>>> print(open('run-v4.cif').read())   # mmCIF, C-alpha atoms
data_work
loop_
_atom_site.label_atom_id
_atom_site.label_comp_id
_atom_site.auth_asym_id
_atom_site.auth_seq_id
_atom_site.Cartn_x
_atom_site.Cartn_y
_atom_site.Cartn_z
CA MET A 1 122.43 105.10 124.41
CA LYS A 2 120.23 108.12 123.95
CA GLY A 3 116.85 106.63 124.81
CA LYS A 4 115.48 104.08 127.23
CA SER A 5 114.73 100.38 126.86
CA ILE A 6 111.24 98.95 127.03
CA GLU A 7 109.75 95.49 126.51
CA VAL A 8 107.80 95.00 123.31
CA LYS A 9 104.59 94.11 125.16
CA GLU A 10 104.62 97.57 126.78
CA ALA A 11 105.58 99.27 123.52
CA ILE A 12 102.61 97.70 121.70
CA LYS A 13 100.26 99.21 124.31
CA LYS A 14 101.59 102.67 123.39
CA LEU A 15 100.88 102.23 119.68
CA LYS A 16 98.08 104.74 119.46
CA GLY A 17 97.56 107.96 117.55
CA ASN A 18 99.92 109.94 119.78
CA PHE A 19 102.89 107.59 119.40
CA PRO A 20 105.70 108.71 121.74
CA TRP A 21 108.84 107.77 119.74
CA LYS A 22 110.25 108.77 116.37
CA LYS A 23 113.47 106.75 116.23
CA ILE A 24 113.34 103.11 117.27
CA LEU A 25 115.64 100.10 117.46
CA ILE A 26 113.84 96.82 118.10
CA HIS A 27 115.46 93.43 118.60
CA GLY A 28 115.03 90.35 120.74
CA GLU A 29 114.75 86.61 120.90
CA GLU A 30 111.00 86.47 120.13
CA ASP A 31 110.90 87.55 116.50
CA TYR A 32 107.15 86.89 116.33
CA LEU A 33 106.60 89.78 118.76
CA THR A 34 108.90 91.99 116.66
CA GLU A 35 106.74 91.20 113.64
CA HIS A 36 103.57 91.82 115.67
CA PHE A 37 104.90 95.22 116.77
CA LEU A 38 105.59 96.21 113.15
CA LYS A 39 102.10 95.14 112.08
CA LYS A 40 100.58 97.21 114.86
CA LEU A 41 102.81 100.15 113.93
CA SER A 42 101.69 100.00 110.30
CA SER A 43 98.06 100.15 111.47
CA VAL A 44 98.62 103.57 113.08
CA ARG A 45 101.38 104.94 110.84
CA ASN A 46 102.12 104.92 107.15
CA VAL A 47 105.37 102.95 106.84
CA GLU A 48 107.74 102.03 104.01
CA LYS A 49 109.84 98.89 104.41
CA PHE A 50 113.44 98.44 103.27
CA TYR A 51 115.11 95.04 103.59
CA ALA A 52 118.70 95.18 104.84
CA ASP A 53 119.44 91.63 103.69
CA GLU A 54 118.22 92.23 100.13
CA ASP A 55 118.73 95.75 98.85
CA LEU A 56 119.29 99.01 100.71
CA ASN A 57 119.48 101.18 97.59
CA GLY A 58 115.88 102.22 97.93
CA LEU A 59 116.56 103.60 101.37
CA PHE A 60 119.21 105.97 100.06
CA SER A 61 116.64 107.62 97.79
CA PHE A 62 114.20 108.08 100.68
CA THR A 63 113.76 111.81 101.30
CA GLY A 64 112.27 111.73 104.80
CA SER A 65 109.52 114.06 105.97
CA SER A 66 107.84 116.24 103.39
CA LEU A 67 107.04 119.94 103.60
CA PHE A 68 103.60 119.12 102.19
CA GLY A 69 102.61 116.41 104.62
CA SER A 70 103.73 113.32 106.44
CA SER A 71 105.95 110.94 104.52
CA PRO A 72 106.01 107.21 105.30
CA MET A 73 108.06 106.16 108.30
CA PRO A 74 111.06 104.17 106.98
CA VAL A 75 111.36 100.72 108.55
CA ILE A 76 114.58 98.76 107.99
CA ILE A 77 113.74 95.04 108.14
CA HIS A 78 116.34 92.43 109.17
CA GLY A 79 118.68 95.04 110.62
CA GLU A 80 120.81 92.21 112.00
CA ALA A 81 122.21 91.86 108.47
CA LEU A 82 123.57 95.43 108.39
CA PRO A 83 127.14 94.54 109.49
CA SER A 84 127.47 91.96 106.70
CA VAL A 85 125.87 94.27 104.12
CA LEU A 86 127.83 97.41 105.07
CA LYS A 87 131.33 95.94 105.00
CA ARG A 88 133.14 98.97 103.63
CA LYS A 89 133.80 102.01 105.75
CA LYS A 90 132.32 104.39 103.16
CA GLU A 91 129.11 102.32 103.01
CA ARG A 92 128.75 102.38 106.79
CA GLU A 93 129.40 106.12 106.93
CA ARG A 94 126.85 106.77 104.18
CA PHE A 95 124.21 104.68 105.92
CA LEU A 96 124.78 106.18 109.37
CA LYS A 97 124.78 109.69 107.93
CA LEU A 98 121.41 108.99 106.30
CA LEU A 99 119.93 107.76 109.59
CA SER A 100 121.25 110.87 111.34
CA GLU A 101 119.39 113.05 108.84
CA LEU A 102 116.06 111.20 109.04
CA GLU A 103 113.42 112.63 111.34
CA GLU A 104 112.08 109.16 112.14
CA PHE A 105 112.92 105.54 111.45
CA VAL A 106 112.71 101.99 112.78
CA VAL A 107 115.56 99.47 112.62
CA ALA A 108 114.04 96.03 113.25
CA CYS A 109 116.26 93.04 113.99
CA PHE A 110 114.62 89.62 113.98
CA ARG A 111 116.85 88.11 116.64
CA GLU A 112 118.52 89.22 119.83
CA LEU A 113 121.61 91.41 119.46
CA ASP A 114 124.28 90.46 121.96
CA TYR A 115 126.44 92.86 123.97
CA ARG A 116 129.24 92.81 121.40
CA GLU A 117 126.90 93.62 118.52
CA LEU A 118 125.18 96.42 120.42
CA ASN A 119 128.58 98.00 121.02
CA SER A 120 129.70 97.68 117.40
CA GLU A 121 130.14 100.77 115.23
CA ILE A 122 126.82 100.38 113.45
CA PHE A 123 124.51 99.51 116.33
CA SER A 124 126.11 101.80 118.90
CA HIS A 125 125.53 104.68 116.46
CA ILE A 126 121.95 103.57 115.78
CA SER A 127 121.29 103.32 119.52
CA SER A 128 122.68 106.81 120.09
CA LEU A 129 120.12 108.18 117.63
CA CYS A 130 117.13 106.29 118.97
CA ASP A 131 114.51 107.53 121.41
CA VAL A 132 113.90 103.98 122.57
CA THR A 133 115.22 100.43 122.24
CA ILE A 134 112.41 97.90 122.24
CA ILE A 135 113.26 94.38 123.43
CA SER A 136 111.21 91.47 122.13
CA THR A 137 111.44 89.38 125.27
CA PRO A 138 109.73 85.98 125.16
CA TYR A 139 106.68 85.39 127.30
CA THR A 140 107.17 83.36 130.47
CA GLU A 141 105.86 79.81 130.55
CA ASN A 142 102.91 80.88 132.73
CA GLN A 143 102.08 83.75 130.37
CA ILE A 144 102.14 81.37 127.40
CA LEU A 145 99.91 78.90 129.22
CA ALA A 146 97.41 81.70 129.94
CA LEU A 147 97.52 82.86 126.29
CA LEU A 148 96.94 79.33 124.99
CA LYS A 149 94.10 78.77 127.46
CA ARG A 150 92.36 81.96 126.27
CA LYS A 151 92.94 81.06 122.62
CA PHE A 152 91.38 77.61 122.93
CA GLU A 153 88.51 78.90 125.06
CA SER A 154 87.70 81.63 122.52
CA ALA A 155 87.52 78.91 119.86
CA GLY A 156 85.14 76.88 122.03
CA LYS A 157 87.74 74.25 122.92
CA SER A 158 88.11 72.94 126.47
CA VAL A 159 91.74 71.90 126.97
CA SER A 160 93.22 70.61 130.22
CA PRO A 161 96.35 72.14 131.84
CA ASN A 162 98.24 68.90 131.11
CA VAL A 163 97.44 69.17 127.41
CA LEU A 164 98.54 72.81 127.36
CA ARG A 165 101.88 71.84 128.93
CA LEU A 166 102.22 68.99 126.44
CA ILE A 167 101.78 71.49 123.59
CA ILE A 168 104.53 73.74 124.99
CA ASN A 169 106.91 70.86 125.68
CA THR A 170 106.42 69.51 122.15
CA ILE A 171 106.37 72.73 120.17
CA GLY A 172 108.55 74.93 122.38
CA THR A 173 107.90 78.51 123.48
CA SER A 174 108.29 80.23 120.10
CA MET A 175 105.14 82.29 119.60
CA ARG A 176 105.36 81.85 115.82
CA GLU A 177 105.51 78.06 116.08
CA LEU A 178 102.79 78.00 118.72
CA LYS A 179 100.44 80.06 116.56
CA VAL A 180 100.87 77.82 113.52
CA GLU A 181 100.47 74.56 115.42
CA THR A 182 97.62 75.65 117.72
CA ASP A 183 95.70 76.93 114.69
CA LYS A 184 95.88 73.37 113.36
CA LEU A 185 94.74 71.93 116.69
CA ILE A 186 91.78 74.31 116.91
CA SER A 187 90.56 73.17 113.49
CA TYR A 188 90.27 69.58 114.80
CA PRO A 189 86.54 68.85 115.29
CA GLY A 190 86.86 66.43 118.22
CA GLU A 191 88.10 66.57 121.80
CA LEU A 192 91.75 67.52 122.33
CA ASP A 193 93.09 65.05 124.88
CA GLU A 194 96.78 64.17 125.29
CA LYS A 195 96.71 61.21 122.89
CA THR A 196 94.94 63.19 120.15
CA VAL A 197 97.25 66.20 120.49
CA LYS A 198 100.35 63.99 120.20
CA GLU A 199 98.97 62.33 117.08
CA LEU A 200 97.97 65.63 115.48
CA LEU A 201 101.28 67.36 116.15
CA PHE A 202 103.46 64.53 114.92
CA SER A 203 101.24 63.63 111.94
CA ALA A 204 101.50 67.28 110.92
CA GLY A 205 105.26 66.88 110.75
CA LYS A 206 106.03 68.58 114.03
CA VAL A 207 109.29 67.25 115.43
CA ASP A 208 110.06 67.56 119.10
CA PRO A 209 113.01 70.02 119.33
CA PHE A 210 114.85 67.58 121.58
CA SER A 211 114.80 64.92 118.83
CA LEU A 212 117.12 67.19 116.82
CA VAL A 213 119.14 69.22 119.30
CA VAL A 214 120.05 66.49 121.83
CA PRO A 215 121.61 64.00 119.36
CA LEU A 216 123.35 66.86 117.51
CA ILE A 217 125.00 68.09 120.70
CA ARG A 218 125.93 64.59 121.84
CA GLY A 219 127.32 63.63 118.43
CA GLU A 220 124.80 60.80 117.97
CA LYS A 221 124.91 60.72 114.17
CA LYS A 222 122.43 57.93 113.45
CA ILE A 223 119.77 59.31 115.80
CA PHE A 224 120.20 62.85 114.47
CA LEU A 225 119.99 61.74 110.84
CA SER A 226 116.93 59.61 111.58
CA SER A 227 115.20 62.62 113.17
CA VAL A 228 116.20 64.81 110.23
CA ASN A 229 114.79 62.28 107.76
CA THR A 230 111.51 62.13 109.71
CA TYR A 231 111.33 65.92 109.74
CA LEU A 232 112.08 66.33 106.02
CA SER A 233 109.84 63.48 104.87
CA SER A 234 106.91 65.13 106.65
CA GLY A 235 107.44 68.37 104.75
CA GLY A 236 109.63 70.18 107.24
CA ASP A 237 111.65 73.20 106.09
CA PRO A 238 115.45 72.75 106.46
CA VAL A 239 115.98 76.48 107.09
CA ALA A 240 113.38 76.36 109.86
CA ALA A 241 115.16 73.33 111.38
CA VAL A 242 118.50 75.14 111.34
CA GLY A 243 116.81 78.16 112.91
CA LEU A 244 115.31 75.94 115.60
CA LEU A 245 118.71 74.44 116.40
CA GLN A 246 120.32 77.89 116.48
CA SER A 247 117.66 79.13 118.87
CA GLN A 248 117.98 76.13 121.19
CA ILE A 249 121.78 76.21 121.32
CA ARG A 250 121.84 80.00 121.71
CA THR A 251 119.52 79.60 124.69
CA MET A 252 121.82 76.94 126.17
CA ILE A 253 124.83 79.24 125.80
CA ARG A 254 122.97 81.98 127.64
CA LEU A 255 122.07 79.48 130.36
CA ALA A 256 125.69 78.29 130.58
CA SER A 257 126.84 81.91 130.86
CA GLY A 258 124.75 82.40 133.99
CA GLU A 259 121.88 84.37 132.45
CA ASN A 260 118.41 84.04 133.95
CA VAL A 261 116.74 82.19 131.08
CA ARG A 262 113.04 81.40 131.38
CA LEU A 263 112.32 77.84 130.23
CA PRO A 264 109.81 75.09 130.96
CA SER A 265 111.12 73.16 133.98
CA GLY A 266 111.69 69.94 132.02
CA VAL A 267 113.56 71.78 129.27
CA SER A 268 115.72 73.59 131.81
CA ARG A 269 116.77 70.32 133.44
CA THR A 270 117.64 68.74 130.10
CA TYR A 271 119.68 71.76 129.00
CA LYS A 272 121.64 71.93 132.26
CA LEU A 273 122.55 68.26 131.95
CA LEU A 274 123.68 68.77 128.34
CA ILE A 275 125.76 71.82 129.30
CA LYS A 276 127.49 69.83 132.02
CA GLU A 277 128.05 66.96 129.59
CA VAL A 278 129.57 68.84 126.62
CA GLY A 279 130.65 72.28 127.91
CA ILE A 280 130.08 75.76 126.58
CA LYS A 281 132.97 75.64 124.06
CA LYS A 282 131.30 72.87 122.09
CA LEU A 283 128.01 74.76 122.12
CA ILE A 284 129.69 77.87 120.72
CA SER A 285 131.39 75.75 118.06
CA LEU A 286 128.06 74.16 117.08
CA LEU A 287 126.40 77.57 116.85
CA TYR A 288 129.15 78.70 114.48
CA LEU A 289 128.59 75.60 112.31
CA LEU A 290 124.84 76.23 112.28
CA ASP A 291 125.43 79.82 111.16
CA GLU A 292 127.59 78.48 108.33
CA ALA A 293 124.89 75.95 107.40
CA GLU A 294 122.26 78.70 107.28
CA PHE A 295 124.53 80.85 105.10
CA SER A 296 125.25 77.96 102.72
CA ILE A 297 121.52 77.33 102.24
CA LYS A 298 120.60 80.96 101.71
CA THR A 299 123.43 81.53 99.24
CA GLY A 300 122.63 78.34 97.32
CA ALA A 301 126.01 76.76 98.05
CA ARG A 302 124.20 73.71 99.46
CA SER A 303 120.67 72.40 99.41
CA GLY A 304 118.77 72.61 102.67
CA GLU A 305 118.77 68.83 103.11
CA GLU A 306 122.50 68.57 102.39
CA ALA A 307 123.43 71.35 104.82
CA LEU A 308 121.23 69.91 107.57
CA LYS A 309 122.49 66.36 107.22
CA LEU A 310 126.11 67.50 106.97
CA LEU A 311 125.86 68.77 110.55
CA ALA A 312 125.98 65.16 111.72
CA TYR A 313 129.54 64.82 110.39
CA LEU A 314 131.04 68.12 111.59
#
>>> encode(input="run-v4.cif", output="structure tokens")
Amino acid sequence: MKGKSIEVKEAIKKLKGNFPWKKILIHGEEDYLTEHFLKKLSSVRNVEKFYADEDLNGLFSFTGSSLFGSSPMPVIIHGEALPSVLKRKKERERFLKLLSELEEFVVACFRELDYRELNSEIFSHISSLCDVTIISTPYTENQILALLKRKFESAGKSVSPNVLRLIINTIGTSMRELKVETDKLISYPGELDEKTVKELLFSAGKVDPFSLVVPLIRGEKKIFLSSVNTYLSSGGDPVAAVGLLQSQIRTMIRLASGENVRLPSGVSRTYKLLIKEVGIKKLISLLYLLDEAEFSIKTGARSGEEALKLLAYL
């Protein structure tokens, strides 16, 4: 790897007029922070976005820096899709040659790339070109608690530590989910005690992650289907549910592999018990099935509801 690695929170601090990097790979578990970095980047630089999972043709007509001034900085969105998009050797060679010729670029992946992916032909070449690899590492539980406390206080809401922990345990630690749900809570005119928060979150269609992931892992079909029906009837998005399950099981696999995964204490205990109960092989198998479910929805092979409910029978 040519450049160094840095956490996204530190990278965002460096997003000023004299930006230190020209070629960037960004990836990580917290896709909300990846998105936040790109928004900050576009506020200090003129950027042009190209979506890897939709159409890369526009990128191949990009000419790079101009002799008559600064051209937009090309940003490749959803870079995680590049291996599936660039299946042919000639396509990969053409793409990598283009990146080699560009004076600056960003490849943004909206999930964490594992060791195998980072050492693949495409990403190892991208990394070798980059000045820096930015990692979108999730905030710790204490950092999230502090962020939520400041957010509610700035909105004039006094919220107890117990309520803040209830919010995290119900919603999870995804910054994107937390933003959406806490925005709803802040708009509530009354006091936010534990009872009120529970009612607001669940009446808004928020399903506790455990109500989906635990019965799926244990093979409890009726409980899983009941939770899915509750989620869908309250307006939940099937793709978001599949993404939630993927995220939870991916985290469990990392935990089972011995990685130091930061989780709320109650979540960590639950996950460790589930890992001991079913084993890492089943978790890997479930993750593969979830990837297939996501693909079937996005390609139109199955409806979101059908793909989600079918998981109970696989």
>>> resolve_selection(input="run-v4.cif", expression="the PyMOL selection byres ((chain A and resi 78) around 9)", output="JSON, numbers by chain")
{"A": [50, 51, 52, 53, 76, 77, 79, 80, 81, 82, 107, 108, 109, 110, 111]}
>>> atom_distance(input="run-v4.cif", atom1="CA of Ile12 (chain A)", atom2="CA of Phe37 (chain A)")
6.0 Å
>>> closest_atom_pairs(input="run-v4.cif", of="region 32-141 of chain A", to="region 165-189 of chain A", cutoff="8 Å", atoms="all atoms listed in the file", output="Markdown table")
| residue | atom | partner | partner_atom | distance |
| --- | --- | --- | --- | --- |
| A:Tyr32 | CA | A:Arg176 | CA | 5.4 |
| A:Leu33 | CA | A:Met175 | CA | 7.7 |
| A:Pro138 | CA | A:Ser174 | CA | 7.8 |
| A:Tyr139 | CA | A:Thr173 | CA | 8.0 |
| A:Glu141 | CA | A:Thr173 | CA | 7.5 |
>>> resolve_selection(input="run-v4.cif", expression="the PyMOL selection byres ((chain A and resi 308-312) around 9)", output="number ranges by chain")
A: 215-216, 219-222, 224-225, 228-229, 238-239, 241-242, 286, 289-290, 293-294, 303-307, 313-314
>>> closest_residue(input="run-v4.cif", among="A:Val267, A:Val47, A:Ala146, A:Leu113", to="Thr133 (chain A)", atoms="only C-alpha atoms")
A:Leu113
>>> atom_distance(input="run-v4.cif", atom1="CA of Lys281 (chain A)", atom2="CA of Glu30 (chain A)")
24.8 Å
>>> residues_near_point(input="run-v4.cif", point="(106.0, 101.4, 121.9)", cutoff="9 Å", atoms="only C-alpha atoms", output="JSON, numbers by chain")
{"A": [6, 7, 8, 9, 10, 11, 12, 13, 14, 15, 16, 19, 20, 21, 24, 37, 41, 132, 134]}
>>> write_last_selection(input="run-v4.cif", atoms="C-alpha atoms", output="PDB file, in the coordinates of the input")
ATOM      1  CA  ILE A   6     111.240  98.950 127.030  1.00  0.00           C
ATOM      2  CA  GLU A   7     109.750  95.490 126.510  1.00  0.00           C
ATOM      3  CA  VAL A   8     107.800  95.000 123.310  1.00  0.00           C
ATOM      4  CA  LYS A   9     104.590  94.110 125.160  1.00  0.00           C
ATOM      5  CA  GLU A  10     104.620  97.570 126.780  1.00  0.00           C
ATOM      6  CA  ALA A  11     105.580  99.270 123.520  1.00  0.00           C
ATOM      7  CA  ILE A  12     102.610  97.700 121.700  1.00  0.00           C
ATOM      8  CA  LYS A  13     100.260  99.210 124.310  1.00  0.00           C
ATOM      9  CA  LYS A  14     101.590 102.670 123.390  1.00  0.00           C
ATOM     10  CA  LEU A  15     100.880 102.230 119.680  1.00  0.00           C
ATOM     11  CA  LYS A  16      98.080 104.740 119.460  1.00  0.00           C
ATOM     12  CA  PHE A  19     102.890 107.590 119.400  1.00  0.00           C
ATOM     13  CA  PRO A  20     105.700 108.710 121.740  1.00  0.00           C
ATOM     14  CA  TRP A  21     108.840 107.770 119.740  1.00  0.00           C
ATOM     15  CA  ILE A  24     113.340 103.110 117.270  1.00  0.00           C
ATOM     16  CA  PHE A  37     104.900  95.220 116.770  1.00  0.00           C
ATOM     17  CA  LEU A  41     102.810 100.150 113.930  1.00  0.00           C
ATOM     18  CA  VAL A 132     113.900 103.980 122.570  1.00  0.00           C
ATOM     19  CA  ILE A 134     112.410  97.900 122.240  1.00  0.00           C
TER      20      ILE A 134
END
>>> resolve_selection(input="run-v4.cif", expression="the PyMOL selection byres ((chain A and resi 23) around 7)", output="PyMOL selection string")
chain A and resi 21-22+24+104-106+129-132
>>> write_last_selection(input="run-v4.cif", atoms="C-alpha atoms", output="compact mmCIF listing (two decimals), keeping the file's coordinate frame")
# COMPACT_ATOMS: atom_id res chain seq x y z
CA TRP A 21 108.84 107.77 119.74
CA LYS A 22 110.25 108.77 116.37
CA ILE A 24 113.34 103.11 117.27
CA GLU A 104 112.08 109.16 112.14
CA PHE A 105 112.92 105.54 111.45
CA VAL A 106 112.71 101.99 112.78
CA LEU A 129 120.12 108.18 117.63
CA CYS A 130 117.13 106.29 118.97
CA ASP A 131 114.51 107.53 121.41
CA VAL A 132 113.90 103.98 122.57
>>> atom_distance(input="run-v4.cif", atom1="CA of Leu245 (chain A)", atom2="CA of Ile26 (chain A)")
23.0 Å
>>> axis_aligned_box(input="run-v4.cif", around="region 211-217 of chain A", padding_each_side="4 Å", output="AutoDock Vina command-line options")
--center_x 119.9 --center_y 66.6 --center_z 119.3 --size_x 18.2 --size_y 13.2 --size_z 13.0
>>> closest_residue(input="run-v4.cif", among="A:Leu283, A:Tyr115, A:Leu86, A:Lys198", to="Asn57 (chain A)", atoms="only C-alpha atoms")
A:Leu86
>>> residues_around(input="run-v4.cif", residues="Gly58 (chain A)", least_positions_apart="3", cutoff="12 Å", atoms="only C-alpha atoms", output="JSON, numbers by chain")
{"A": [48, 49, 50, 51, 52, 54, 55, 61, 62, 63, 74, 75, 76, 95]}
>>> closest_residue(input="run-v4.cif", among="A:Lys89, A:Lys272, A:Arg250, A:Lys298", to="Ser285 (chain A)", atoms="all atoms listed in the file")
A:Arg250
>>> closest_residue(input="run-v4.cif", among="A:Val213, A:Met73, A:Leu274, A:Ala301", to="Asn46 (chain A)", atoms="all atoms listed in the file")
A:Met73
>>> closest_residue(input="run-v4.cif", among="A:Asn260, A:Ile280, A:Ser158, A:Leu38", to="Thr140 (chain A)", atoms="all atoms listed in the file")
A:Asn260
>>> build_atoms(input="run-v4.cif", residues="region 170-179 of chain A", atoms="all heavy atoms", output="mmCIF file, in the coordinates of the input")
data_model
loop_
_atom_site.group_PDB
_atom_site.id
_atom_site.type_symbol
_atom_site.label_atom_id
_atom_site.label_comp_id
_atom_site.auth_asym_id
_atom_site.auth_seq_id
_atom_site.Cartn_x
_atom_site.Cartn_y
_atom_site.Cartn_z
ATOM 1 N N THR A 170 106.206 70.081 123.489
ATOM 2 C CA THR A 170 106.420 69.510 122.150
ATOM 3 C C THR A 170 106.838 70.572 121.143
ATOM 4 O O THR A 170 107.776 70.380 120.368
ATOM 5 C CB THR A 170 105.131 68.814 121.656
ATOM 6 O OG1 THR A 170 104.734 67.829 122.608
ATOM 7 C CG2 THR A 170 105.368 68.154 120.305
ATOM 8 N N ILE A 171 106.133 71.693 121.165
ATOM 9 C CA ILE A 171 106.370 72.730 120.170
ATOM 10 C C ILE A 171 107.486 73.681 120.595
ATOM 11 O O ILE A 171 108.250 74.186 119.779
ATOM 12 C CB ILE A 171 105.067 73.538 119.914
ATOM 13 C CG1 ILE A 171 103.987 72.608 119.350
ATOM 14 C CG2 ILE A 171 105.309 74.696 118.952
ATOM 15 C CD1 ILE A 171 102.621 73.251 119.243
ATOM 16 N N GLY A 172 107.605 73.926 121.888
ATOM 17 C CA GLY A 172 108.550 74.930 122.380
ATOM 18 C C GLY A 172 107.792 76.209 122.738
ATOM 19 O O GLY A 172 106.556 76.255 122.712
ATOM 20 N N THR A 173 108.529 77.254 123.038
ATOM 21 C CA THR A 173 107.900 78.510 123.480
ATOM 22 C C THR A 173 107.925 79.596 122.412
ATOM 23 O O THR A 173 107.622 80.748 122.692
ATOM 24 C CB THR A 173 108.595 79.016 124.755
ATOM 25 O OG1 THR A 173 109.997 79.139 124.507
ATOM 26 C CG2 THR A 173 108.375 78.069 125.922
ATOM 27 N N SER A 174 108.323 79.256 121.194
ATOM 28 C CA SER A 174 108.290 80.230 120.100
ATOM 29 C C SER A 174 106.843 80.577 119.774
ATOM 30 O O SER A 174 106.034 79.700 119.456
ATOM 31 C CB SER A 174 108.969 79.658 118.846
ATOM 32 O OG SER A 174 108.636 80.427 117.706
ATOM 33 N N MET A 175 106.508 81.871 119.856
ATOM 34 C CA MET A 175 105.140 82.290 119.600
ATOM 35 C C MET A 175 104.729 82.000 118.151
ATOM 36 O O MET A 175 103.575 81.679 117.878
ATOM 37 C CB MET A 175 104.990 83.788 119.896
ATOM 38 C CG MET A 175 105.180 84.143 121.353
ATOM 39 S SD MET A 175 103.972 83.324 122.428
ATOM 40 C CE MET A 175 102.451 84.085 121.885
ATOM 41 N N ARG A 176 105.672 82.116 117.232
ATOM 42 C CA ARG A 176 105.360 81.850 115.820
ATOM 43 C C ARG A 176 104.977 80.382 115.624
ATOM 44 O O ARG A 176 103.978 80.055 114.978
ATOM 45 C CB ARG A 176 106.566 82.204 114.949
ATOM 46 C CG ARG A 176 106.276 82.161 113.455
ATOM 47 C CD ARG A 176 107.546 82.443 112.660
ATOM 48 N NE ARG A 176 108.139 83.698 113.048
ATOM 49 C CZ ARG A 176 107.714 84.894 112.648
ATOM 50 N NH1 ARG A 176 106.669 84.966 111.847
ATOM 51 N NH2 ARG A 176 108.317 85.990 113.038
ATOM 52 N N GLU A 177 105.787 79.490 116.192
ATOM 53 C CA GLU A 177 105.510 78.060 116.080
ATOM 54 C C GLU A 177 104.200 77.710 116.789
ATOM 55 O O GLU A 177 103.396 76.919 116.283
ATOM 56 C CB GLU A 177 106.667 77.257 116.674
ATOM 57 C CG GLU A 177 107.946 77.299 115.870
ATOM 58 C CD GLU A 177 107.841 76.482 114.594
ATOM 59 O OE1 GLU A 177 107.163 75.450 114.613
ATOM 60 O OE2 GLU A 177 108.416 76.893 113.580
ATOM 61 N N LEU A 178 104.004 78.295 117.962
ATOM 62 C CA LEU A 178 102.790 78.000 118.720
ATOM 63 C C LEU A 178 101.537 78.434 117.956
ATOM 64 O O LEU A 178 100.528 77.725 117.959
ATOM 65 C CB LEU A 178 102.840 78.695 120.083
ATOM 66 C CG LEU A 178 103.734 78.028 121.132
ATOM 67 C CD1 LEU A 178 103.943 78.949 122.323
ATOM 68 C CD2 LEU A 178 103.141 76.696 121.589
ATOM 69 N N LYS A 179 101.611 79.584 117.311
ATOM 70 C CA LYS A 179 100.440 80.060 116.560
ATOM 71 C C LYS A 179 100.088 79.101 115.429
ATOM 72 O O LYS A 179 98.933 78.718 115.257
ATOM 73 C CB LYS A 179 100.699 81.457 115.984
ATOM 74 C CG LYS A 179 99.496 82.001 115.208
ATOM 75 C CD LYS A 179 99.779 83.334 114.558
ATOM 76 C CE LYS A 179 98.526 83.896 113.890
ATOM 77 N NZ LYS A 179 97.902 82.955 112.922
#
